[in-house]
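Heads up: the structure comes next, in structure tokens.
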Amino acid sequence: MSRNSKAKRDKRKKQQPKRPFVRLGQAPQVINHAVLQDAEGRVVAAIGLQVGSEWMLSIGGQTMGSADNPVPMLAMLKHLANLQEAEGNTISLKYSTQLQQMIDDLAADEGQTAEEYLTKLVSEFQNADADADADEDGDAEDTAQDAGTEAVADDAAADGDTASATDSAADASDEASDTAADAPDGDSADKEPKKSKKA
């Protein structure tokens with residue numbers, strides 16, 4: 001090797017164009033297309049397009065899921081906005097023209113306007129919430145009925161336990177009287193007690 005080989009190698013590396021490569025641990029670029037913000041301007045939830053064609057839903061800074069079609073996710077955000085407004089919170093939902101165009105295309109396929117189409121999707125989420133609430137109410141009633149039935153069964157078992165305890169006490173007193181009757185005067189201390197005939 002020559003003395004200048006390292007210098008030549010370093011010079012050659014500097015002259016080469018930088019190679020684009022994805023570094024490990026570096027998150028891929030996500031471009032937000034829909035943003036749900038509260039009154040202070042904090043982002044509550046967002047829908048973004050990751051490099052390629054994967055749409056991602058992020059709520060509270062955490063990725064909740066991904067899909068090929070972002071419109072159901074947008075309907076979910078709109079439903080979330082409606083719930084927050086019903087609670088009295090000020091919230092805003094803004095989305096991109098690309099997302100609006102997708103909604104327009106899907107609505108045209110269904111023969112509806114974009115607003116009607118989105119409202120229909122939002123109502124599906126509202127109906128799902130209503131069904132979930134009804135299921136919870138039904139489960140609560142079932143639990144209350146089960147608890148009442150179990151309480152009656154526990155009371156009956158307690159009565160049965162009392163009766164068996166009384167029977168056990170009677171058996172023990174019978175054995176004691178049998179042992180006392182079998183033992184002669186004063187010799188009971190020297191002898192082993194007799195085994196009971198009852199088992």
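We label chains A, B, ... in the order they appear in the structure tokens, count residues from 1 in each chain, and number ligands from 1 in the order shown.
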Tell me which protein, DNA and RNA residues are within 8 Å of A:Asn89, counting only C-alpha atoms, leaving out same-chain ones fewer than 5 positions away, and put them as a PyMOL selection string. chain A and resi 38-39+84
Spatial neighbours of A:Ala45, 9 Å, only C-alpha atoms, chain gap at least 6 places, as a VMD selection string: chain A and resid 34 to 37 57 to 62 77
Limited to C-alpha atoms, could you put the picked residues into a file as a tab-separated table (two decimals), in the first residue's frame?
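Result went into out_21.tsv, see below:
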```tsv
chain	number	residue	atom	x	y	z
A	34	ALA	CA	-57.34	15.30	8.50
A	35	VAL	CA	-56.76	16.92	11.88
A	36	LEU	CA	-59.11	17.08	14.88
A	37	GLN	CA	-58.10	19.93	17.23
A	57	LEU	CA	-55.28	6.89	12.22
A	58	SER	CA	-53.61	8.47	15.23
A	59	ILE	CA	-55.49	9.34	18.42
A	60	GLY	CA	-53.76	11.00	21.35
A	61	GLY	CA	-50.37	10.69	19.70
A	62	GLN	CA	-50.58	6.91	19.24
A	77	LEU	CA	-63.26	11.47	13.69
```
Please identify all polymer residues within 12 Å of A:Val122, counting only C-alpha atoms, omitting same-chain residues fewer than 3 positions from it, and present them as a PyMOL selection string. chain A and resi 71-83+115-119+125-129
I need the residues from that last selection saved to file as a CSV table (one decimal), in the first residue's frame (with N, CA and C atoms), if you can.
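See out.csv below for the written result:
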```csv
chain,number,residue,atom,x,y,z
A,71,VAL,N,-61.8,7.1,4.5
A,71,VAL,CA,-63.1,7.7,4.7
A,71,VAL,C,-63.8,7.1,5.9
A,72,PRO,N,-63.8,5.8,6.2
A,72,PRO,CA,-64.4,5.4,7.5
A,72,PRO,C,-63.7,6.0,8.7
A,73,MET,N,-62.4,6.2,8.6
A,73,MET,CA,-61.6,6.8,9.7
A,73,MET,C,-62.1,8.3,9.9
A,74,LEU,N,-62.3,9.0,8.8
A,74,LEU,CA,-62.8,10.3,8.8
A,74,LEU,C,-64.2,10.4,9.5
A,75,ALA,N,-65.0,9.4,9.1
A,75,ALA,CA,-66.3,9.4,9.7
A,75,ALA,C,-66.2,9.2,11.3
A,76,MET,N,-65.3,8.4,11.7
A,76,MET,CA,-65.0,8.1,13.1
A,76,MET,C,-64.6,9.4,13.8
A,77,LEU,N,-63.7,10.2,13.1
A,77,LEU,CA,-63.3,11.5,13.7
A,77,LEU,C,-64.4,12.4,13.8
A,78,LYS,N,-65.3,12.5,12.7
A,78,LYS,CA,-66.4,13.4,12.8
A,78,LYS,C,-67.4,13.0,13.9
A,79,HIS,N,-67.6,11.7,14.1
A,79,HIS,CA,-68.4,11.2,15.2
A,79,HIS,C,-67.8,11.6,16.6
A,80,LEU,N,-66.5,11.5,16.7
A,80,LEU,CA,-65.8,11.9,17.9
A,80,LEU,C,-65.9,13.4,18.1
A,81,ALA,N,-65.9,14.2,17.1
A,81,ALA,CA,-66.1,15.6,17.2
A,81,ALA,C,-67.5,15.9,17.6
A,82,ASN,N,-68.5,15.2,17.1
A,82,ASN,CA,-69.9,15.4,17.5
A,82,ASN,C,-70.1,15.1,19.0
A,83,LEU,N,-69.4,14.0,19.5
A,83,LEU,CA,-69.5,13.6,20.9
A,83,LEU,C,-68.9,14.7,21.8
A,115,GLU,N,-71.8,15.3,1.7
A,115,GLU,CA,-72.3,15.6,3.0
A,115,GLU,C,-73.2,14.4,3.5
A,116,GLU,N,-74.1,14.0,2.6
A,116,GLU,CA,-75.0,12.9,2.9
A,116,GLU,C,-74.3,11.6,3.1
A,117,TYR,N,-73.3,11.4,2.3
A,117,TYR,CA,-72.5,10.1,2.4
A,117,TYR,C,-71.8,10.1,3.8
A,118,LEU,N,-71.1,11.2,4.1
A,118,LEU,CA,-70.4,11.3,5.4
A,118,LEU,C,-71.3,11.2,6.6
A,119,THR,N,-72.5,11.8,6.5
A,119,THR,CA,-73.5,11.8,7.6
A,119,THR,C,-74.0,10.4,7.8
A,125,PHE,N,-71.7,4.9,13.2
A,125,PHE,CA,-71.0,4.9,14.5
A,125,PHE,C,-71.9,5.3,15.6
A,126,GLN,N,-72.9,6.2,15.4
A,126,GLN,CA,-73.8,6.5,16.5
A,126,GLN,C,-74.7,5.3,16.8
A,127,ASN,N,-75.1,4.6,15.8
A,127,ASN,CA,-75.9,3.4,16.0
A,127,ASN,C,-75.1,2.3,16.8
A,128,ALA,N,-73.9,2.2,16.4
A,128,ALA,CA,-73.0,1.2,17.1
A,128,ALA,C,-72.8,1.6,18.6
A,129,ASP,N,-72.7,2.9,18.9
A,129,ASP,CA,-72.6,3.3,20.3
A,129,ASP,C,-73.9,3.0,21.0
```
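For the pair atom CA of A:Glu40 and atom CA of A:Ile91, the interatomic distance is 9.1 Å.
Pairwise distance (atom CA of A:Ala67, atom CA of A:Glu54) equals 6.1 Å.
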Would you list, as a short mmCIF file (atom, residue, chain, number, x, y, z; two decimals) with N, CA and C atoms, in the first residue's frame, the residues of stretch 84-118 of chain A that end up in strand (DSSP E) under DSSP run on this structure's backbone?
```
data_model
loop_
_atom_site.label_atom_id
_atom_site.label_comp_id
_atom_site.auth_asym_id
_atom_site.auth_seq_id
_atom_site.Cartn_x
_atom_site.Cartn_y
_atom_site.Cartn_z
N ILE A 91 -64.37 21.99 19.37
CA ILE A 91 -63.46 21.12 18.63
C ILE A 91 -63.63 21.39 17.15
N SER A 92 -62.54 21.27 16.39
CA SER A 92 -62.63 21.53 14.94
C SER A 92 -62.00 20.38 14.17
N LEU A 93 -62.61 20.06 13.05
CA LEU A 93 -62.11 19.00 12.17
C LEU A 93 -61.83 19.62 10.81
N LYS A 94 -60.59 19.53 10.39
CA LYS A 94 -60.20 20.06 9.08
C LYS A 94 -59.59 18.92 8.28
N TYR A 95 -59.94 18.86 6.98
CA TYR A 95 -59.33 17.82 6.15
C TYR A 95 -58.96 18.36 4.79
#
```
Residue neighbourhood A:Met102, 10 Å, only C-alpha atoms, exclusion window fewer than 6 positions, as JSON, numbers by chain: {"A": [69, 70, 71, 108, 114]}
Would you mind exporting C-alpha atoms of the selected residues as a compact mmCIF listing (two decimals), in the first residue's frame?
```txt
# COMPACT_ATOMS: atom_id res chain seq x y z
CA ASN A 69 -59.53 3.75 2.62
CA PRO A 70 -59.45 6.75 4.99
CA VAL A 71 -63.14 7.67 4.67
CA ALA A 108 -71.04 9.94 -6.46
CA ALA A 114 -70.53 14.18 -0.06
```
Please, what distance in Å, to one decimal, runs between atom CA of A:Gly41 and atom CA of A:Trp55? 22.9 Å
